[in-house]
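Q: Please read through the structure below; I'll follow up with questions.
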Amino acid sequence: MTATLSPVPTAALPLFDDAAAWYGPAKAQRSDWLVELNAAELAELDSAVDAALRRGQDLVTMSERDFPLPLLGPRLKSIRHDILHGRGFVLLRGWPSGERTMAQNACVFHGIGAHLGEALSQNAKGHVLGHVANLGLDYSDPTTRGYQTRAELRFHTDGGDIVGLLCIRPSKAGGLSKLCSSTTVWNEVAQRRPDLARVLMQPFHFSRAGEVRPGQARTFRSPIFQPCAGRMIAVLVNSFIDKAQAFDEVPRLTPAQIEALDFVQVLCDDPAIRLDMDFRPGDMQFLCNHSVFHSRTAYEDWPEVERRRHLLRLWLASDDGPELPPNISSDFQGATAGGRPDGIRIPGVPLVAPLQPA
């Protein structure tokens, strides 16, 4: 069933002045988004990981109760609120990923993630633990996801309420993480080009990249920007919009739509708007998909397989996340038991947490 999309306003466009509307250079001067894990917190994490691995904890079913953090837990609760209802992102630093096994890294990442939300499937294989690594795939293939290549990724959003990345190893060169406030980008478009702002509030067709559950079409429709409950909610995956153009049933993008999408990318990559992060081993970045666009520069990898860039990824659903337009769950994704977007869930495909890219 297709949800009814809100009509595009014909009067003044809304502008937003809240914590989610920020500019990168100002954030670069602050440190409240960079959380350094102290020695006591690291010891608590190691203890929780050891206990979970000893009892054979299944990462798929891991909950907050399965990964108790009496010391760090209250801090993560505050961080969760900042991600979902504040600035929209945080970087945890200090975990010694290079001194831990893949099982330990995956466990600590899932454990921290369990304090922020419910882990979701990220693809048709049911992977609740994703691996961001170059698999040598062709980015032009309609079924290839950008994170499986070393190509530059345009600014986009992912599935669920929160997307998390854990850097196991950085690349030899490149692979810079770039963030921007989608709310700020909206404000800039609305003030500079209100004609394009109205185009971006109309639905675009997105390919599902072959990850289709029964009853779904191979595309879904969503505006890029939708105001909801006093804040701006964004959905942006240019590659899926491009791939949808290969389908006969999808109308061709209009010149205004193409210009609008290009203008969004220009604003996102404006040094006056974006915030850059250069991942160190062990860094964990968590951000809110509804209020932050993220991207990555192309990168050069090491020739040795054991040194190549490798990040773990989580998609999380948070029951206390912001109110969302109905079409995000009914058209874009499905819904969890708590009514949140549920990622890419294919009936009959079991959820798994692979420890290696697949």
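The way I read the labels, and the way they are meant: chains A, B, ... in the order of the structure tokens, residue 1 as the first residue of every chain, and ligand 1 as the first ligand shown, with later ones counted on from there.
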Mind the document's chain letters and residue numbers, and return as number ranges by chain the residues of range 258-337 of chain A that DSSP labels strand (DSSP E or B).
A: A: 275-277, 284-288, 292-296, 299-300, 310-317, 335
Q: For those residues, write C-alpha atoms to a file as an mmCIF file, in the first residue's frame.
A:
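File written: selection00.cif
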```
data_model
loop_
_atom_site.group_PDB
_atom_site.id
_atom_site.type_symbol
_atom_site.label_atom_id
_atom_site.label_comp_id
_atom_site.auth_asym_id
_atom_site.auth_seq_id
_atom_site.Cartn_x
_atom_site.Cartn_y
_atom_site.Cartn_z
ATOM 1 C CA LEU A 275 32.412 18.613 8.266
ATOM 2 C CA ASP A 276 35.314 16.269 7.425
ATOM 3 C CA MET A 277 36.449 13.329 9.546
ATOM 4 C CA MET A 284 33.109 4.607 15.803
ATOM 5 C CA GLN A 285 30.921 7.120 13.987
ATOM 6 C CA PHE A 286 27.169 7.154 14.598
ATOM 7 C CA LEU A 287 24.795 9.519 12.808
ATOM 8 C CA CYS A 288 21.086 10.098 12.289
ATOM 9 C CA VAL A 292 22.645 14.090 8.304
ATOM 10 C CA PHE A 293 23.934 13.388 4.808
ATOM 11 C CA HIS A 294 27.239 11.510 4.616
ATOM 12 C CA SER A 295 29.750 10.671 1.902
ATOM 13 C CA ARG A 296 33.237 9.350 1.336
ATOM 14 C CA TYR A 299 40.503 5.808 -1.776
ATOM 15 C CA GLU A 300 43.685 3.920 -2.614
ATOM 16 C CA HIS A 310 37.930 -2.255 6.412
ATOM 17 C CA LEU A 311 34.999 -0.740 8.248
ATOM 18 C CA LEU A 312 32.112 -2.448 10.024
ATOM 19 C CA ARG A 313 28.631 -0.992 9.657
ATOM 20 C CA LEU A 314 25.386 -1.060 11.617
ATOM 21 C CA TRP A 315 21.907 0.134 10.743
ATOM 22 C CA LEU A 316 19.889 0.752 13.896
ATOM 23 C CA ALA A 317 16.211 1.376 14.611
ATOM 24 C CA ALA A 335 8.449 -1.228 10.012
#
```
Q: Could you pull out the alpha helix (DSSP H) residues of range 138-343 of chain A from DSSP and send them as a ChimeraX atom specification?
A: /A:182-192,194-200,238-244,255-268,327
Q: Need to verify the contact set: His131 in chain A, 10 Å, only C-alpha atoms, exclusion of same-chain residues closer than 2 positions in sequence. Can you return it as a JSON list (two decimals) with N, CA, C and O atoms, in the first residue's frame?
A:
```json
[["chain", "number", "residue", "atom", "x", "y", "z"],
["A", 127, "HIS", "N", 22.19, -9.42, 6.39],
["A", 127, "HIS", "CA", 23.36, -9.05, 7.18],
["A", 127, "HIS", "C", 23.03, -7.91, 8.14],
["A", 127, "HIS", "O", 22.76, -6.79, 7.71],
["A", 128, "VAL", "N", 23.08, -8.19, 9.44],
["A", 128, "VAL", "CA", 22.92, -7.13, 10.43],
["A", 128, "VAL", "C", 24.27, -6.53, 10.80],
["A", 128, "VAL", "O", 24.32, -5.51, 11.51],
["A", 129, "LEU", "N", 25.35, -7.15, 10.36],
["A", 129, "LEU", "CA", 26.69, -6.58, 10.46],
["A", 129, "LEU", "C", 27.22, -6.41, 9.05],
["A", 129, "LEU", "O", 27.40, -7.38, 8.33],
["A", 133, "ALA", "N", 34.06, -2.53, 2.49],
["A", 133, "ALA", "CA", 35.37, -2.92, 1.97],
["A", 133, "ALA", "C", 35.28, -3.06, 0.46],
["A", 133, "ALA", "O", 34.20, -3.32, -0.09],
["A", 134, "ASN", "N", 36.41, -2.89, -0.20],
["A", 134, "ASN", "CA", 36.46, -3.00, -1.65],
["A", 134, "ASN", "C", 36.45, -4.47, -2.06],
["A", 134, "ASN", "O", 37.42, -5.19, -1.81],
["A", 135, "LEU", "N", 35.36, -4.91, -2.67],
["A", 135, "LEU", "CA", 35.26, -6.30, -3.13],
["A", 135, "LEU", "C", 35.58, -6.42, -4.62],
["A", 135, "LEU", "O", 35.39, -7.49, -5.20],
["A", 147, "TYR", "N", 29.34, 0.87, -1.24],
["A", 147, "TYR", "CA", 30.28, 0.55, -0.17],
["A", 147, "TYR", "C", 31.13, -0.68, -0.49],
["A", 147, "TYR", "O", 32.11, -0.96, 0.20],
["A", 148, "GLN", "N", 30.76, -1.44, -1.53],
["A", 148, "GLN", "CA", 31.53, -2.61, -1.93],
["A", 148, "GLN", "C", 32.65, -2.27, -2.91],
["A", 148, "GLN", "O", 33.33, -3.14, -3.43],
["A", 165, "LEU", "N", 29.51, 3.30, 11.90],
["A", 165, "LEU", "CA", 30.71, 2.76, 11.25],
["A", 165, "LEU", "C", 31.80, 2.58, 12.30],
["A", 165, "LEU", "O", 32.03, 3.48, 13.12],
["A", 166, "LEU", "N", 32.47, 1.45, 12.27],
["A", 166, "LEU", "CA", 33.66, 1.19, 13.09],
["A", 166, "LEU", "C", 34.84, 0.98, 12.16],
["A", 166, "LEU", "O", 34.82, 0.07, 11.32],
["A", 310, "HIS", "N", 39.02, -1.39, 5.97],
["A", 310, "HIS", "CA", 37.93, -2.26, 6.41],
["A", 310, "HIS", "C", 37.16, -1.54, 7.52],
["A", 310, "HIS", "O", 37.71, -1.21, 8.56],
["A", 311, "LEU", "N", 35.89, -1.33, 7.26],
["A", 311, "LEU", "CA", 35.00, -0.74, 8.25],
["A", 311, "LEU", "C", 33.85, -1.71, 8.49],
["A", 311, "LEU", "O", 33.42, -2.43, 7.57],
["A", 312, "LEU", "N", 33.35, -1.75, 9.72],
["A", 312, "LEU", "CA", 32.11, -2.45, 10.02],
["A", 312, "LEU", "C", 30.98, -1.44, 10.04],
["A", 312, "LEU", "O", 31.18, -0.27, 10.36],
["A", 313, "ARG", "N", 29.77, -1.91, 9.72],
["A", 313, "ARG", "CA", 28.63, -0.99, 9.66],
["A", 313, "ARG", "C", 27.41, -1.58, 10.35],
["A", 313, "ARG", "O", 27.16, -2.79, 10.28],
["A", 314, "LEU", "N", 26.67, -0.72, 11.01],
["A", 314, "LEU", "CA", 25.39, -1.06, 11.62],
["A", 314, "LEU", "C", 24.30, -0.11, 11.11],
["A", 314, "LEU", "O", 24.55, 1.08, 10.93],
["A", 353, "ALA", "N", 25.23, -12.28, 11.16],
["A", 353, "ALA", "CA", 26.25, -11.26, 11.42],
["A", 353, "ALA", "C", 27.60, -11.81, 10.98],
["A", 353, "ALA", "O", 28.40, -12.26, 11.80],
["A", 354, "PRO", "N", 27.89, -11.79, 9.67],
["A", 354, "PRO", "CA", 29.15, -12.38, 9.18],
["A", 354, "PRO", "C", 30.36, -11.60, 9.68],
["A", 354, "PRO", "O", 30.33, -10.37, 9.78],
["A", 355, "LEU", "N", 31.42, -12.33, 9.98],
["A", 355, "LEU", "CA", 32.64, -11.68, 10.46],
["A", 355, "LEU", "C", 33.62, -11.33, 9.36],
["A", 355, "LEU", "O", 34.69, -10.76, 9.63],
["A", 356, "GLN", "N", 33.26, -11.65, 8.11],
["A", 356, "GLN", "CA", 34.09, -11.31, 6.98],
["A", 356, "GLN", "C", 33.20, -10.76, 5.87],
["A", 356, "GLN", "O", 32.02, -11.10, 5.78],
["A", 357, "PRO", "N", 33.74, -9.90, 4.98],
["A", 357, "PRO", "CA", 32.95, -9.39, 3.86],
["A", 357, "PRO", "C", 32.41, -10.51, 2.99],
["A", 357, "PRO", "O", 33.09, -11.51, 2.76],
["A", 358, "ALA", "N", 31.15, -10.36, 2.59],
["A", 358, "ALA", "CA", 30.52, -11.39, 1.75],
["A", 358, "ALA", "C", 29.45, -10.76, 0.87],
["A", 358, "ALA", "O", 28.85, -9.76, 1.23]]
```
Q: Determine the nearest neighbour of Arg93 in chain A from the options A:Leu42, A:Val132, A:Leu71, A:Ala260, counting only C-alpha atoms.
A: A:Leu42
Q: Given only C-alpha atoms as the basis, pick out the residue of A:His205, A:Arg54, A:Arg345, A:Arg274 nearest to Pro223 in chain A.
A: A:His205
Q: Hey, what's within 9 Å of range 75-78 of chain A if we count only C-alpha atoms and toss same-chain stuff fewer than 5 positions away? As a list in words, please?
A: Ile83, Ile112, His115 and Leu116 of chain A
Q: Which residues are close to Arg340 in chain A, i.e. within 10 Å by only C-alpha atoms, leaving aside same-chain residues fewer than 5 positions away? Reply as an NGL selection string.
A: :A and (118 or 160-161 or 316-324 or 328-329 or 333-335)
Q: Using all heavy atoms, can you write the selected residues to a file as an mmCIF file, in the first residue's frame?
A:
```
data_model
loop_
_atom_site.group_PDB
_atom_site.id
_atom_site.type_symbol
_atom_site.label_atom_id
_atom_site.label_comp_id
_atom_site.auth_asym_id
_atom_site.auth_seq_id
_atom_site.Cartn_x
_atom_site.Cartn_y
_atom_site.Cartn_z
ATOM 1 N N GLU A 118 18.081 -1.065 17.697
ATOM 2 C CA GLU A 118 17.966 -2.460 17.255
ATOM 3 C C GLU A 118 18.672 -2.641 15.918
ATOM 4 O O GLU A 118 18.395 -1.902 14.964
ATOM 5 C CB GLU A 118 16.491 -2.830 17.109
ATOM 6 C CG GLU A 118 16.216 -4.189 16.487
ATOM 7 C CD GLU A 118 14.746 -4.391 16.132
ATOM 8 O OE1 GLU A 118 13.903 -3.568 16.541
ATOM 9 O OE2 GLU A 118 14.443 -5.378 15.433
ATOM 10 N N GLY A 160 17.277 2.749 8.262
ATOM 11 C CA GLY A 160 17.114 2.823 9.705
ATOM 12 C C GLY A 160 17.210 4.239 10.223
ATOM 13 O O GLY A 160 17.307 5.210 9.469
ATOM 14 N N ASP A 161 17.202 4.381 11.540
ATOM 15 C CA ASP A 161 17.309 5.692 12.176
ATOM 16 C C ASP A 161 18.759 6.143 12.303
ATOM 17 O O ASP A 161 19.076 7.319 12.116
ATOM 18 C CB ASP A 161 16.678 5.649 13.580
ATOM 19 C CG ASP A 161 15.177 5.421 13.535
ATOM 20 O OD1 ASP A 161 14.491 6.168 12.817
ATOM 21 O OD2 ASP A 161 14.693 4.491 14.220
ATOM 22 N N LEU A 316 20.606 0.902 12.637
ATOM 23 C CA LEU A 316 19.889 0.752 13.896
ATOM 24 C C LEU A 316 18.526 1.440 13.850
ATOM 25 O O LEU A 316 18.404 2.543 13.306
ATOM 26 C CB LEU A 316 20.715 1.355 15.043
ATOM 27 C CG LEU A 316 22.127 0.796 15.237
ATOM 28 C CD1 LEU A 316 22.907 1.653 16.224
ATOM 29 C CD2 LEU A 316 22.063 -0.659 15.710
ATOM 30 N N ALA A 317 17.537 0.787 14.428
ATOM 31 C CA ALA A 317 16.211 1.376 14.611
ATOM 32 C C ALA A 317 16.064 1.748 16.079
ATOM 33 O O ALA A 317 16.291 0.914 16.955
ATOM 34 C CB ALA A 317 15.120 0.387 14.205
ATOM 35 N N SER A 318 15.672 2.986 16.341
ATOM 36 C CA SER A 318 15.548 3.484 17.711
ATOM 37 C C SER A 318 14.098 3.854 17.980
ATOM 38 O O SER A 318 13.547 4.737 17.311
ATOM 39 C CB SER A 318 16.441 4.714 17.919
ATOM 40 O OG SER A 318 17.780 4.420 17.591
ATOM 41 N N ASP A 319 13.490 3.174 18.950
ATOM 42 C CA ASP A 319 12.076 3.401 19.227
ATOM 43 C C ASP A 319 11.770 4.839 19.620
ATOM 44 O O ASP A 319 10.638 5.299 19.462
ATOM 45 C CB ASP A 319 11.589 2.455 20.332
ATOM 46 C CG ASP A 319 11.482 1.011 19.858
ATOM 47 O OD1 ASP A 319 11.573 0.781 18.631
ATOM 48 O OD2 ASP A 319 11.309 0.114 20.701
ATOM 49 N N ASP A 320 12.753 5.548 20.149
ATOM 50 C CA ASP A 320 12.551 6.939 20.547
ATOM 51 C C ASP A 320 13.063 7.908 19.482
ATOM 52 O O ASP A 320 13.361 9.069 19.770
ATOM 53 C CB ASP A 320 13.241 7.220 21.882
ATOM 54 C CG ASP A 320 14.721 6.863 21.864
ATOM 55 O OD1 ASP A 320 15.140 6.116 20.957
ATOM 56 O OD2 ASP A 320 15.456 7.319 22.759
ATOM 57 N N GLY A 321 13.158 7.443 18.240
ATOM 58 C CA GLY A 321 13.599 8.307 17.153
ATOM 59 C C GLY A 321 12.560 9.348 16.799
ATOM 60 O O GLY A 321 11.435 9.335 17.303
ATOM 61 N N PRO A 322 12.908 10.280 15.919
ATOM 62 C CA PRO A 322 11.979 11.346 15.553
ATOM 63 C C PRO A 322 10.763 10.815 14.809
ATOM 64 O O PRO A 322 10.814 9.761 14.170
ATOM 65 C CB PRO A 322 12.821 12.248 14.653
ATOM 66 C CG PRO A 322 13.873 11.343 14.094
ATOM 67 C CD PRO A 322 14.187 10.374 15.195
ATOM 68 N N GLU A 323 9.667 11.553 14.912
ATOM 69 C CA GLU A 323 8.467 11.202 14.146
ATOM 70 C C GLU A 323 8.797 11.306 12.662
ATOM 71 O O GLU A 323 9.477 12.243 12.225
ATOM 72 C CB GLU A 323 7.327 12.144 14.509
ATOM 73 C CG GLU A 323 6.008 11.788 13.842
ATOM 74 C CD GLU A 323 4.848 12.646 14.316
ATOM 75 O OE1 GLU A 323 4.957 13.255 15.406
ATOM 76 O OE2 GLU A 323 3.841 12.718 13.582
ATOM 77 N N LEU A 324 8.322 10.333 11.877
ATOM 78 C CA LEU A 324 8.655 10.261 10.461
ATOM 79 C C LEU A 324 7.413 10.290 9.593
ATOM 80 O O LEU A 324 6.342 9.831 10.012
ATOM 81 C CB LEU A 324 9.431 8.968 10.170
ATOM 82 C CG LEU A 324 10.754 8.770 10.915
ATOM 83 C CD1 LEU A 324 11.327 7.395 10.597
ATOM 84 C CD2 LEU A 324 11.744 9.862 10.555
ATOM 85 N N ILE A 328 7.948 6.682 4.675
ATOM 86 C CA ILE A 328 9.301 6.164 4.880
ATOM 87 C C ILE A 328 9.262 4.710 5.330
ATOM 88 O O ILE A 328 10.122 3.902 4.950
ATOM 89 C CB ILE A 328 10.076 7.053 5.871
ATOM 90 C CG1 ILE A 328 10.406 8.387 5.197
ATOM 91 C CG2 ILE A 328 11.350 6.370 6.350
ATOM 92 C CD1 ILE A 328 11.220 9.337 6.043
ATOM 93 N N SER A 329 8.261 4.337 6.117
ATOM 94 C CA SER A 329 8.121 2.936 6.510
ATOM 95 C C SER A 329 7.302 2.133 5.513
ATOM 96 O O SER A 329 7.598 0.976 5.240
ATOM 97 C CB SER A 329 7.477 2.835 7.900
ATOM 98 O OG SER A 329 8.362 3.284 8.893
ATOM 99 N N GLN A 333 10.942 1.493 3.345
ATOM 100 C CA GLN A 333 11.289 0.268 4.045
ATOM 101 C C GLN A 333 10.002 -0.326 4.607
ATOM 102 O O GLN A 333 8.912 0.039 4.190
ATOM 103 C CB GLN A 333 12.296 0.586 5.163
ATOM 104 C CG GLN A 333 13.592 1.214 4.647
ATOM 105 C CD GLN A 333 14.509 1.666 5.769
ATOM 106 O OE1 GLN A 333 14.087 2.302 6.714
ATOM 107 N NE2 GLN A 333 15.780 1.315 5.657
ATOM 108 N N GLY A 334 10.130 -1.260 5.542
ATOM 109 C CA GLY A 334 8.986 -1.731 6.294
ATOM 110 C C GLY A 334 9.050 -1.108 7.671
ATOM 111 O O GLY A 334 9.661 -0.056 7.859
ATOM 112 N N ALA A 335 8.438 -1.766 8.659
ATOM 113 C CA ALA A 335 8.449 -1.228 10.012
ATOM 114 C C ALA A 335 8.795 -2.315 11.015
ATOM 115 O O ALA A 335 8.408 -3.476 10.864
ATOM 116 C CB ALA A 335 7.090 -0.613 10.348
#
```
Q: At what distance in Å, to one decimal, does CA of Gly164 in chain A lie from CA of Ala151 in chain A?
A: 19.7 Å
Q: Which neighbours of Leu196 in chain A fall inside 12 Å, counting only C-alpha atoms, when residues of the same chain fewer than 6 positions from it are skipped, and could you give them as an MDAnalysis selection string?
A: chainID A and resid 8 13 186:190 202 224:225 254:264
Q: Could you jot down the CA of Gly343 in chain A to CA of Phe204 in chain A separation for me, Å, one decimal place?
A: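 Rounded to one decimal, the two atoms are 19.3 Å apart.
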